Amino acid sequence: MRAGAGPEFCRRPRGVLRGAALSLVFAGVIGTAAATGVLPRQQAPRQAPEAGPSPRTAVAAAGTVDRAALARAAAEAIADGKSGKKAAEEFVSRSGDRWGAVYDKREYAEFEQTLDGAYTGVGLSARRGADGRVEISRIRGGGPAERAGLLVGDRLTAIDGRPVDGLSVSEIVSLLRGEGVTGSTVALGVERGRAAWTQPLRRARLATDPVTVRRLADGTVLIRVAAFTKGTGERVRQAVRSAPARAGVLLDLRGNSGGLVAEAATAASAFFDGGLVATYDVDGTQHAVYADGGGDTLRPLVALIDGGTMSAAELLTGALQDRGRAVTVGSRTFGKGSVQMPSALPDGSVAELTVGHYRTPAGHAVDGHGITPDVTVDAADARAEERARTVLSGLGGAS
């Protein structure tokens with residue numbers, strides 16, 4: 001199961017899901033965004049204005065795509081000598097599935113590799129701003145984009161001379177990654193204020209380090225989780241187990257745009273002794289995600305969140321908040337709570353389609369709503385961490 005768009009997506013949970021054998025995806029972070037230099041789909045699954053639904057596009061009440069109808073549309077295109085992938089992209093674009101996307105074999109293989117915490121790219125994340133233009137939302141330290149001097153807030157206008165307006169997410173992914181060859185180049189059209197230029201970048205193989213742990217001067221253990229890639233949950237659990245007995249934990253989920261739901265559930269297991277983490281529906285059937293037993297249920301805990309906290313990170317945040325395990329500090333989270341499932345198409349391409357939505361343990365919907373923190377503070381403010389530490393100290397978290 002995947003959660004996550006922005007760096008951002010997830011795969012089948014192991015030993016976490018009960019009553020489900022599907023390989024589900026909470027689309028969001030790892031595969032399509034920040035970690036890979038890919039555009040998070042924040043307003044619509046395509047950059048072009050959405051057309052009305054096609055007569056052949058069946059959309060369920062929950063906003064999901066009829067997968068059988070999609071497969072037929074792709075098969076018909078192939079039979080006519082056309083691109084099945086292109087037909088599928090048009091079908092999904094018309095469907096209104098906000099998080100739907102279509103990948104060819106190579107793109108999907110690369111997408112899967114990002115879940116292992118490594119990818120070939122230029123080291124930037126992008127999003128569509130309030131004015132509808134594409135802007136850089138995050139720069140990876142030490143990556144090609146940072147070395148070239150690109151900055152958060154710079155606008156992207158083109159990739160290898162091709163305007164980004166009107167491109168689908170999978171097309172943007174493909175252009176940024178090229179053939180996934182380390183050392184190959186890509187030219188980005190960039191604007192900053194009134195300046196505009198073309199910036200060549202050389203793609204690199206980048207390894208992510210999604211978990212960082214620091215012991216602060218007051219004894220607090222700061223655990224920052226950038227994404228829920230493979231192994232992230234266990235690293236969080238080990239960090240909590242290794243923390244001094246009296247130390248509180250500040251769990252920093254700012255900018256975490258998602259990842260593997262199984263990893264988010266494992267991370268939740270660090271703080272719970274079993275119990276419900278989230279519920280979700282797939283084509284109308286209800287399922288649940290549970291934490292493992294044996295977690296630390298007494299250690300003071302504050303979770304720091306913001307508008308970049310998405311998908312699997314929201315799933316974890318909702319569980320901590322609803323079950324009274326943590327005080328949440330920061331600003332409202334992104335609001336990505338839909339469930340995606342990969343669906344193979346006749347030509348070997350793969351469609352990631354929305355099949356349902358998840359809810360927090362108390363039954364709160366996340367999609368389109370986000371999670372409101374217990375203590376509101378501008379998470380972009382340099383004092384946000386200081387405020388979170390003050391709250392933690394009030395819980396007895398300083399040693």
# chains A, B, ... in the order shown; residues from 1 in each chain; ligands from 1
call {"tool": "residues_around", "arguments": {"residues": "segment 302-306 of chain A", "least_positions_apart": "3", "cutoff": "7 Å", "atoms": "only C-alpha atoms", "output": "list in words"}}
result
Val249, Leu250, Leu251, Asp252, Leu253, Arg254, Gly255, Thr309, Ala326, Val327, Thr328, Val329, Gly330, Ser331, Arg332, Thr333, Ala379, Ala388 and Leu392 of chain A
call {"tool": "residues_around", "arguments": {"residues": "Ser343 of chain A", "least_positions_apart": "5", "cutoff": "7 Å", "atoms": "only C-alpha atoms", "output": "number ranges by chain"}}
result
A: 350-352
call {"tool": "write_last_selection", "arguments": {"atoms": "all heavy atoms", "output": "short mmCIF file (atom, residue, chain, number, x, y, z; two decimals), in the first residue's frame"}}
result
data_model
loop_
_atom_site.label_atom_id
_atom_site.label_comp_id
_atom_site.auth_asym_id
_atom_site.auth_seq_id
_atom_site.Cartn_x
_atom_site.Cartn_y
_atom_site.Cartn_z
N VAL A 350 1.32 0.76 -16.72
CA VAL A 350 0.62 0.60 -15.45
C VAL A 350 -0.11 1.88 -15.10
O VAL A 350 0.47 2.97 -15.18
CB VAL A 350 1.61 0.25 -14.31
CG1 VAL A 350 0.88 0.16 -12.97
CG2 VAL A 350 2.32 -1.06 -14.61
N ALA A 351 -1.37 1.75 -14.74
CA ALA A 351 -2.15 2.90 -14.29
C ALA A 351 -2.29 2.86 -12.78
O ALA A 351 -2.60 1.81 -12.21
CB ALA A 351 -3.53 2.89 -14.94
N GLU A 352 -1.99 3.97 -12.13
CA GLU A 352 -2.22 4.11 -10.70
C GLU A 352 -3.56 4.83 -10.55
O GLU A 352 -3.69 6.00 -10.89
CB GLU A 352 -1.10 4.94 -10.05
CG GLU A 352 0.24 4.25 -10.02
CD GLU A 352 0.37 3.27 -8.87
OE1 GLU A 352 -0.62 3.10 -8.11
OE2 GLU A 352 1.44 2.67 -8.72
#
call {"tool": "atom_distance", "arguments": {"atom1": "atom CA of Gly100 of chain A", "atom2": "atom CA of Leu353 of chain A"}}
result
4.7 Å
call {"tool": "closest_atom_pairs", "arguments": {"of": "segment 187-286 of chain A", "to": "segment 161-164 of chain A", "cutoff": "10 Å", "atoms": "only C-alpha atoms", "output": "tab-separated table"}}
result
residue	atom	partner	partner_atom	distance
A:Ala187	CA	A:Gly161	CA	7.3
A:Leu188	CA	A:Gly161	CA	7.6
A:Gly189	CA	A:Gly161	CA	7.2
A:Thr198	CA	A:Gly161	CA	8.8
call {"tool": "closest_residue", "arguments": {"among": "A:Leu222, A:Leu176, A:Ala126, A:Leu167", "to": "Val152 of chain A", "atoms": "only C-alpha atoms"}}
result
A:Ala126
call {"tool": "select_by_dssp", "arguments": {"residues": "segment 180-322 of chain A", "states": "strand (DSSP E)", "output": "MDAnalysis selection string"}}
result
chainID A and resid 185:192 195:202 204:207 211:215 221:225 249:252 259:260 276:282 285:290 301:305
call {"tool": "closest_residue", "arguments": {"among": "A:Ala267, A:Gly166, A:Ile78, A:Val289", "to": "Ser93 of chain A", "atoms": "only C-alpha atoms"}}
result
A:Gly166
call {"tool": "residues_around", "arguments": {"residues": "Arg325 of chain A", "least_positions_apart": "2", "cutoff": "10 Å", "atoms": "only C-alpha atoms", "output": "list of chain:residue names"}}
result
A:Phe271, A:Phe272, A:Thr297, A:Leu298, A:Arg299, A:Pro300, A:Leu301, A:Val302, A:Ala303, A:Thr317, A:Ala319, A:Leu320, A:Gln321, A:Asp322, A:Arg323, A:Val327, A:Thr328
call {"tool": "write_last_selection", "arguments": {"atoms": "N, CA, C and O atoms", "output": "mmCIF file, in the first residue's frame"}}
result
data_model
loop_
_atom_site.group_PDB
_atom_site.id
_atom_site.type_symbol
_atom_site.label_atom_id
_atom_site.label_comp_id
_atom_site.auth_asym_id
_atom_site.auth_seq_id
_atom_site.Cartn_x
_atom_site.Cartn_y
_atom_site.Cartn_z
ATOM 1 N N PHE A 271 5.292 3.768 18.965
ATOM 2 C CA PHE A 271 4.620 4.550 20.004
ATOM 3 C C PHE A 271 3.329 3.931 20.526
ATOM 4 O O PHE A 271 2.729 4.460 21.462
ATOM 5 N N PHE A 272 2.888 2.829 19.913
ATOM 6 C CA PHE A 272 1.659 2.174 20.325
ATOM 7 C C PHE A 272 1.927 0.733 20.733
ATOM 8 O O PHE A 272 2.860 0.099 20.223
ATOM 9 N N THR A 297 4.579 3.497 24.996
ATOM 10 C CA THR A 297 3.329 4.244 25.106
ATOM 11 C C THR A 297 3.395 5.380 26.124
ATOM 12 O O THR A 297 2.417 6.112 26.287
ATOM 13 N N LEU A 298 4.517 5.528 26.825
ATOM 14 C CA LEU A 298 4.612 6.509 27.904
ATOM 15 C C LEU A 298 5.531 7.687 27.596
ATOM 16 O O LEU A 298 5.389 8.759 28.188
ATOM 17 N N ARG A 299 6.480 7.518 26.720
ATOM 18 C CA ARG A 299 7.446 8.578 26.443
ATOM 19 C C ARG A 299 6.740 9.819 25.897
ATOM 20 O O ARG A 299 5.945 9.728 24.960
ATOM 21 N N PRO A 300 7.030 11.021 26.426
ATOM 22 C CA PRO A 300 6.428 12.247 25.892
ATOM 23 C C PRO A 300 6.749 12.401 24.404
ATOM 24 O O PRO A 300 7.880 12.174 23.977
ATOM 25 N N LEU A 301 5.734 12.802 23.631
ATOM 26 C CA LEU A 301 5.885 12.849 22.180
ATOM 27 C C LEU A 301 5.153 14.054 21.606
ATOM 28 O O LEU A 301 3.989 14.307 21.934
ATOM 29 N N VAL A 302 5.845 14.791 20.745
ATOM 30 C CA VAL A 302 5.239 15.883 19.981
ATOM 31 C C VAL A 302 5.538 15.628 18.512
ATOM 32 O O VAL A 302 6.676 15.300 18.140
ATOM 33 N N ALA A 303 4.527 15.763 17.664
ATOM 34 C CA ALA A 303 4.705 15.620 16.221
ATOM 35 C C ALA A 303 4.611 16.995 15.581
ATOM 36 O O ALA A 303 3.637 17.727 15.791
ATOM 37 N N THR A 317 0.159 10.770 11.534
ATOM 38 C CA THR A 317 -0.232 11.913 12.348
ATOM 39 C C THR A 317 -1.632 11.739 12.914
ATOM 40 O O THR A 317 -1.887 11.990 14.104
ATOM 41 N N ALA A 319 -3.271 9.001 13.505
ATOM 42 C CA ALA A 319 -3.307 7.970 14.540
ATOM 43 C C ALA A 319 -2.760 8.507 15.860
ATOM 44 O O ALA A 319 -3.340 8.286 16.931
ATOM 45 N N LEU A 320 -1.647 9.229 15.801
ATOM 46 C CA LEU A 320 -1.048 9.783 17.018
ATOM 47 C C LEU A 320 -1.984 10.783 17.684
ATOM 48 O O LEU A 320 -2.104 10.820 18.916
ATOM 49 N N GLN A 321 -2.665 11.584 16.876
ATOM 50 C CA GLN A 321 -3.559 12.600 17.427
ATOM 51 C C GLN A 321 -4.847 11.985 17.966
ATOM 52 O O GLN A 321 -5.251 12.253 19.106
ATOM 53 N N ASP A 322 -5.498 11.147 17.174
ATOM 54 C CA ASP A 322 -6.783 10.578 17.582
ATOM 55 C C ASP A 322 -6.670 9.711 18.827
ATOM 56 O O ASP A 322 -7.586 9.684 19.657
ATOM 57 N N ARG A 323 -5.569 9.008 18.946
ATOM 58 C CA ARG A 323 -5.421 8.106 20.083
ATOM 59 C C ARG A 323 -4.724 8.769 21.270
ATOM 60 O O ARG A 323 -4.393 8.111 22.246
ATOM 61 N N VAL A 327 1.019 15.266 21.050
ATOM 62 C CA VAL A 327 0.503 16.601 20.782
ATOM 63 C C VAL A 327 1.057 17.011 19.417
ATOM 64 O O VAL A 327 2.265 16.894 19.173
ATOM 65 N N THR A 328 0.191 17.445 18.520
ATOM 66 C CA THR A 328 0.629 17.851 17.187
ATOM 67 C C THR A 328 0.785 19.367 17.148
ATOM 68 O O THR A 328 -0.086 20.110 17.613
#
call {"tool": "residues_around", "arguments": {"residues": "Val221 of chain A", "least_positions_apart": "6", "cutoff": "8 Å", "atoms": "only C-alpha atoms", "output": "list in words"}}
result
Val213, Arg214, Arg215, Ala243, Ala247, Gly248, Val249 and Leu250 of chain A
call {"tool": "write_last_selection", "arguments": {"atoms": "C-alpha atoms", "output": "compact mmCIF listing (two decimals), in the first residue's frame"}}
result
# COMPACT_ATOMS: atom_id res chain seq x y z
CA VAL A 213 18.19 11.43 14.61
CA ARG A 214 19.73 14.11 16.84
CA ARG A 215 20.04 14.55 20.58
CA ALA A 243 16.58 7.01 23.26
CA ALA A 247 14.00 11.79 26.96
CA GLY A 248 11.01 13.09 25.08
CA VAL A 249 10.73 12.66 21.31
CA LEU A 250 10.08 15.39 18.76
call {"tool": "residues_around", "arguments": {"residues": "Arg205 of chain A", "least_positions_apart": "4", "cutoff": "9 Å", "atoms": "only C-alpha atoms", "output": "list in words"}}
result
Ala118, Tyr119, Thr120, Gly121, Val122, Gly180, Val181, Thr182 and Gly183 of chain A
call {"tool": "atom_distance", "arguments": {"atom1": "atom CA of Gly231 of chain A", "atom2": "atom CA of Gly274 of chain A"}}
result
19.2 Å
